[in-house]
Each structure stands twice: as structure tokens, then as C-alpha cells.
Amino acid sequence: RIGDTFRWKGENVSTAEVAQVLSTACESFAEVNVYGVVVAGQDGRAGMAAVSLRQAPSGVGSGSALGAAAVPHPAGGSEGDLTSTAAQGGAEVGGGDGAGASTPAAMSANGQPGAVDWSALYRRVSTELPSYAQPLFIRVRKSVGSDLTTTFKLKKSELQSEGFDPAAVQGDELYWRDVGSQAYVPLGVDLHAQVVSGAVRL
């Protein structure tokens, strides 16, 4: 449906599918918001995800399932109509006894909430998503709920306009899917300039 997908490399990318894979791939992701961003000189939109990291409450061990990731709104919604189950106390994703928890790549780095194993995430995404659907950029938001409207809908227009420019993301951390390193690596001003200029192949 229009609003649930974007095109990249001549293919339709489902934001819901990508969000689900990311949510189950890393226990530390409390919210996942997937969208497409414009890259100079490229047709379509490259995949990007804005994530919020969950924090371990006092007295809670790293083995516990903490909260849930953002999941698609029931059928009939549009791209702007994604509801965060984390904000509404919905079902847990990526924790407990589910399939995601039994896969090593689903674990947080060092088993600690809020820590991300970026190499394991790269491997999991590469295994579960076709190449065109694998997000090229990940933005780590400062706080849970930062991408929610007052009605708990996930907002995308502002995130899309800010894109993957380090100067526009208000101090959030940015990561880039680096095939050479087989990991998501920090994206700074220099690497951003290389991507925009076409010096880095997408």
C-alpha cells in the first residue's frame, strides 16, 4: 500500500518488514521507525531506521525482556500511522522465549540493555532481508518516545527531511552499513561527504 513502502534499487521496500527484523535482531531497540531518505545522485530512497535504546530499570537484570519495539499499525493505516507498542505497553518483541532470543545476533552487546553489537546486527540484517531492503543508515535517538506524536503515532516527515546528515540530526548518533567492515559503523561528517559525492558506492 502507498505509505507502507518506498522504492530503492528498483524494488519496493516494506517499512513494516524491515522494522520487524530490526526489532527482533537487537534486544536493546525499544522503538524502531523505518523510512526512506533521498541520496544525491540516486534514484529512489535509501533505507534508514531511527531507533531508541531501552534502558535497564533499577534492579532488572539483562536477561529480562524490557518493553517492546515499534510495530505497524493495524491494516488500513498509512506510513504516518505506525503505533508504538512500547509507548502503549504492548507485546514484547525480541525478548523472552521467542525465536529472536535464541539467535546469538538477537542479543545485546555484552548482554547489557542499551548496548548494541553492530557486527551481529549487520549479520542478522544481511541474513533476513534482501540486499535492497537492508537499511543503509541507522540513527540512534536520544530518548524513547522521541519519534512519537501526542497521539502515539510515529512521525516520519521530520526524520526524512533531516536524513543522514550529521549536522541535521540534533546530536543523535548515526551509523552506516559498511560492507567492508561487515558491521554498522559510525557515520561522521567525512563519510557523509563521501556518500553525498558518490565516492562511496551504495
# chains A, B, ... in the order shown; residues from 1 in each chain; ligands from 1
call {"tool": "residues_around", "arguments": {"residues": "Val196 in chain A", "least_positions_apart": "3", "cutoff": "9 Å", "atoms": "only C-alpha atoms", "output": "CSV table (one decimal) with N, CA, C and O atoms, in the first residue's frame"}}
result
chain,number,residue,atom,x,y,z
A,39,VAL,N,19.2,10.3,-1.4
A,39,VAL,CA,20.6,10.4,-1.5
A,39,VAL,C,20.9,11.0,-2.8
A,39,VAL,O,20.5,10.6,-3.9
A,40,ALA,N,21.7,12.1,-2.8
A,40,ALA,CA,22.1,12.8,-4.1
A,40,ALA,C,22.6,11.8,-5.1
A,40,ALA,O,23.5,11.0,-4.9
A,41,GLY,N,22.1,12.0,-6.3
A,41,GLY,CA,22.5,11.2,-7.5
A,41,GLY,C,22.0,9.8,-7.5
A,41,GLY,O,22.3,9.0,-8.4
A,191,LEU,N,32.6,10.9,6.2
A,191,LEU,CA,31.9,9.8,5.5
A,191,LEU,C,30.6,10.2,4.8
A,191,LEU,O,30.3,9.8,3.7
A,192,HIS,N,29.9,11.1,5.5
A,192,HIS,CA,28.7,11.7,4.9
A,192,HIS,C,29.0,12.4,3.6
A,192,HIS,O,28.3,12.2,2.6
A,193,ALA,N,30.1,13.1,3.6
A,193,ALA,CA,30.5,13.9,2.4
A,193,ALA,C,30.9,12.9,1.2
A,193,ALA,O,30.5,13.1,0.1
A,199,ALA,N,31.5,9.1,-3.8
A,199,ALA,CA,32.7,8.4,-3.7
A,199,ALA,C,32.6,7.1,-3.0
A,199,ALA,O,33.4,6.1,-3.2
A,200,VAL,N,31.5,6.9,-2.2
A,200,VAL,CA,31.2,5.6,-1.6
A,200,VAL,C,30.1,5.0,-2.4
A,200,VAL,O,29.0,5.6,-2.6
call {"tool": "residues_around", "arguments": {"residues": "Asn12 in chain A", "least_positions_apart": "4", "cutoff": "12 Å", "atoms": "only C-alpha atoms", "output": "list in words"}}
result
Arg1, Ile2, Gly3, Asp4, Thr5, Phe6, Arg7, Trp8, Ala16, Glu17, Val18, Gly36, Gly44, Arg45, Ala46, Gly47, Pro130, Ser131, Tyr132, Ala133 and Gln134 of chain A
call {"tool": "write_last_selection", "arguments": {"atoms": "all heavy atoms", "output": "short mmCIF file (atom, residue, chain, number, x, y, z; two decimals), in the first residue's frame"}}
result
data_model
loop_
_atom_site.label_atom_id
_atom_site.label_comp_id
_atom_site.auth_asym_id
_atom_site.auth_seq_id
_atom_site.Cartn_x
_atom_site.Cartn_y
_atom_site.Cartn_z
N ARG A 1 0.84 -1.20 0.00
CA ARG A 1 0.00 0.00 0.00
C ARG A 1 0.87 1.25 0.00
O ARG A 1 1.97 1.24 0.54
CB ARG A 1 -0.90 0.03 1.26
CG ARG A 1 -1.86 -1.13 1.37
CD ARG A 1 -2.85 -0.85 2.49
NE ARG A 1 -2.20 -0.47 3.72
CZ ARG A 1 -1.72 -1.34 4.60
NH1 ARG A 1 -1.79 -2.63 4.37
NH2 ARG A 1 -1.16 -0.93 5.71
N ILE A 2 0.36 2.31 -0.59
CA ILE A 2 1.08 3.58 -0.59
C ILE A 2 1.28 4.03 0.85
O ILE A 2 0.36 4.02 1.66
CB ILE A 2 0.29 4.65 -1.38
CG1 ILE A 2 0.22 4.26 -2.85
CG2 ILE A 2 0.93 6.02 -1.22
CD1 ILE A 2 -0.61 5.20 -3.68
N GLY A 3 2.48 4.44 1.17
CA GLY A 3 2.78 4.88 2.53
C GLY A 3 3.47 3.81 3.34
O GLY A 3 4.16 4.11 4.29
N ASP A 4 3.31 2.54 2.99
CA ASP A 4 3.95 1.45 3.71
C ASP A 4 5.25 1.02 3.07
O ASP A 4 5.96 0.19 3.62
CB ASP A 4 3.02 0.24 3.78
CG ASP A 4 1.81 0.49 4.68
OD1 ASP A 4 1.90 1.35 5.56
OD2 ASP A 4 0.81 -0.18 4.46
N THR A 5 5.54 1.55 1.90
CA THR A 5 6.74 1.15 1.18
C THR A 5 7.46 2.36 0.59
O THR A 5 6.90 3.44 0.48
CB THR A 5 6.39 0.19 0.01
OG1 THR A 5 5.59 0.89 -0.94
CG2 THR A 5 5.66 -1.04 0.51
N PHE A 6 8.73 2.13 0.24
CA PHE A 6 9.47 3.10 -0.57
C PHE A 6 10.29 2.29 -1.57
O PHE A 6 10.46 1.07 -1.40
CB PHE A 6 10.36 4.00 0.29
CG PHE A 6 11.39 3.27 1.13
CD1 PHE A 6 12.64 2.94 0.62
CD2 PHE A 6 11.10 2.93 2.44
CE1 PHE A 6 13.58 2.28 1.38
CE2 PHE A 6 12.04 2.25 3.23
CZ PHE A 6 13.27 1.93 2.70
N ARG A 7 10.77 2.94 -2.61
CA ARG A 7 11.50 2.22 -3.66
C ARG A 7 13.00 2.49 -3.57
O ARG A 7 13.43 3.62 -3.38
CB ARG A 7 10.97 2.61 -5.05
CG ARG A 7 9.60 2.02 -5.34
CD ARG A 7 9.17 2.28 -6.78
NE ARG A 7 9.99 1.57 -7.75
CZ ARG A 7 9.85 0.28 -8.06
NH1 ARG A 7 8.93 -0.45 -7.45
NH2 ARG A 7 10.63 -0.27 -8.97
N TRP A 8 13.76 1.40 -3.71
CA TRP A 8 15.20 1.50 -3.72
C TRP A 8 15.75 0.40 -4.61
O TRP A 8 15.33 -0.75 -4.53
CB TRP A 8 15.76 1.37 -2.31
CG TRP A 8 17.26 1.41 -2.21
CD1 TRP A 8 18.11 0.40 -1.82
CD2 TRP A 8 18.12 2.54 -2.48
NE1 TRP A 8 19.40 0.81 -1.83
CE2 TRP A 8 19.45 2.13 -2.23
CE3 TRP A 8 17.87 3.84 -2.91
CZ2 TRP A 8 20.53 2.98 -2.42
CZ3 TRP A 8 18.95 4.70 -3.10
CH2 TRP A 8 20.27 4.27 -2.84
N ALA A 16 7.40 -2.04 7.32
CA ALA A 16 6.97 -2.92 8.41
C ALA A 16 7.88 -4.14 8.51
O ALA A 16 8.26 -4.57 9.60
CB ALA A 16 5.52 -3.35 8.20
N GLU A 17 8.24 -4.70 7.36
CA GLU A 17 9.11 -5.89 7.35
C GLU A 17 10.48 -5.55 7.93
O GLU A 17 11.03 -6.31 8.75
CB GLU A 17 9.25 -6.43 5.94
CG GLU A 17 10.18 -7.64 5.83
CD GLU A 17 10.41 -8.10 4.40
OE1 GLU A 17 9.96 -7.40 3.47
OE2 GLU A 17 11.05 -9.15 4.22
N VAL A 18 11.05 -4.43 7.50
CA VAL A 18 12.36 -4.04 7.98
C VAL A 18 12.32 -3.75 9.48
O VAL A 18 13.21 -4.15 10.24
CB VAL A 18 12.88 -2.82 7.21
CG1 VAL A 18 14.22 -2.35 7.77
CG2 VAL A 18 13.01 -3.14 5.73
N GLY A 36 12.46 5.92 4.13
CA GLY A 36 13.42 6.09 3.05
C GLY A 36 13.92 7.52 2.99
O GLY A 36 13.17 8.47 3.26
N GLY A 44 15.22 6.77 -6.25
CA GLY A 44 14.51 6.18 -5.12
C GLY A 44 15.01 6.72 -3.80
O GLY A 44 15.63 7.80 -3.72
N ARG A 45 14.77 5.96 -2.74
CA ARG A 45 15.16 6.36 -1.40
C ARG A 45 15.91 5.22 -0.71
O ARG A 45 15.48 4.07 -0.77
CB ARG A 45 13.93 6.75 -0.56
CG ARG A 45 13.24 8.03 -1.03
CD ARG A 45 11.98 8.30 -0.25
NE ARG A 45 11.35 9.54 -0.65
CZ ARG A 45 11.54 10.71 -0.04
NH1 ARG A 45 12.35 10.78 1.01
NH2 ARG A 45 10.93 11.81 -0.47
N ALA A 46 17.00 5.57 -0.05
CA ALA A 46 17.77 4.57 0.69
C ALA A 46 17.11 4.29 2.03
O ALA A 46 16.55 5.19 2.65
CB ALA A 46 19.20 5.07 0.90
N GLY A 47 17.20 3.06 2.47
CA GLY A 47 16.58 2.69 3.74
C GLY A 47 17.32 3.26 4.94
O GLY A 47 18.55 3.25 5.01
N PRO A 130 16.48 -9.03 1.96
CA PRO A 130 17.16 -8.92 0.67
C PRO A 130 18.04 -7.68 0.66
O PRO A 130 17.81 -6.74 1.41
CB PRO A 130 16.01 -8.83 -0.33
CG PRO A 130 14.85 -8.33 0.45
CD PRO A 130 15.01 -8.90 1.83
N SER A 131 19.05 -7.66 -0.19
CA SER A 131 20.04 -6.58 -0.18
C SER A 131 19.40 -5.21 -0.32
O SER A 131 19.82 -4.25 0.34
CB SER A 131 21.06 -6.81 -1.29
OG SER A 131 20.43 -6.86 -2.56
N TYR A 132 18.39 -5.08 -1.17
CA TYR A 132 17.78 -3.77 -1.39
C TYR A 132 16.98 -3.27 -0.19
O TYR A 132 16.71 -2.07 -0.07
CB TYR A 132 16.88 -3.80 -2.63
CG TYR A 132 15.70 -4.75 -2.54
CD1 TYR A 132 14.52 -4.38 -1.90
CD2 TYR A 132 15.78 -6.03 -3.09
CE1 TYR A 132 13.46 -5.26 -1.80
CE2 TYR A 132 14.71 -6.91 -3.00
CZ TYR A 132 13.55 -6.52 -2.35
OH TYR A 132 12.50 -7.38 -2.24
N ALA A 133 16.60 -4.18 0.71
CA ALA A 133 15.79 -3.79 1.87
C ALA A 133 16.62 -3.56 3.12
O ALA A 133 16.11 -3.05 4.12
CB ALA A 133 14.73 -4.86 2.14
N GLN A 134 17.89 -3.90 3.08
CA GLN A 134 18.74 -3.72 4.25
C GLN A 134 19.01 -2.24 4.48
O GLN A 134 19.52 -1.56 3.58
CB GLN A 134 20.05 -4.50 4.05
CG GLN A 134 19.85 -5.99 3.95
CD GLN A 134 21.06 -6.72 3.42
OE1 GLN A 134 22.18 -6.20 3.47
NE2 GLN A 134 20.86 -7.93 2.90
#
call {"tool": "residues_around", "arguments": {"residues": "Arg177 in chain A", "least_positions_apart": "3", "cutoff": "9 Å", "atoms": "only C-alpha atoms", "output": "PDB file with C-alpha atoms, in the first residue's frame"}}
result
ATOM      1  CA  TYR A 122      24.790  -6.429  10.314  1.00  0.00           C
ATOM      2  CA  GLN A 134      18.737  -3.725   4.249  1.00  0.00           C
ATOM      3  CA  PRO A 135      18.841  -0.264   5.866  1.00  0.00           C
ATOM      4  CA  LEU A 136      21.944   1.697   4.903  1.00  0.00           C
ATOM      5  CA  PHE A 137      21.679   4.154   7.786  1.00  0.00           C
ATOM      6  CA  ILE A 138      20.676   3.876  11.435  1.00  0.00           C
ATOM      7  CA  SER A 181      33.783  -3.973   7.851  1.00  0.00           C
ATOM      8  CA  GLN A 182      30.748  -6.274   7.888  1.00  0.00           C
ATOM      9  CA  ALA A 183      29.204  -4.006  10.519  1.00  0.00           C
ATOM     10  CA  TYR A 184      27.292  -0.793  11.068  1.00  0.00           C
ATOM     11  CA  VAL A 185      29.977   1.819  11.735  1.00  0.00           C
TER      12      VAL A 185
END
call {"tool": "closest_residue", "arguments": {"among": "A:Val13, A:Asp43, A:Ser23, A:Trp176", "to": "Leu129 in chain A", "atoms": "only C-alpha atoms"}}
result
A:Val13
call {"tool": "closest_residue", "arguments": {"among": "A:Gln194, A:Gln170, A:Ser157, A:Ser126", "to": "Val37 in chain A", "atoms": "only C-alpha atoms"}}
result
A:Ser157
call {"tool": "atom_distance", "arguments": {"atom1": "CA of Gly163 in chain A", "atom2": "CA of Val34 in chain A"}}
result
11.8 Å
call {"tool": "atom_distance", "arguments": {"atom1": "CA of Val169 in chain A", "atom2": "CA of Arg139 in chain A"}}
result
8.3 Å
call {"tool": "closest_residue", "arguments": {"among": "A:Ala168, A:Val38, A:Leu202, A:Ala49", "to": "Leu22 in chain A", "atoms": "only C-alpha atoms"}}
result
A:Ala49
call {"tool": "closest_residue", "arguments": {"among": "A:Val116, A:Met48, A:Leu174, A:Leu53", "to": "Ser161 in chain A", "atoms": "only C-alpha atoms"}}
result
A:Met48
call {"tool": "closest_residue", "arguments": {"among": "A:Thr127, A:Ser52, A:Ser197, A:Gln160", "to": "Glu31 in chain A", "atoms": "only C-alpha atoms"}}
result
A:Ser52
call {"tool": "closest_residue", "arguments": {"among": "A:Arg124, A:Lys9, A:Ser14, A:Pro186", "to": "Gln42 in chain A", "atoms": "only C-alpha atoms"}}
result
A:Lys9
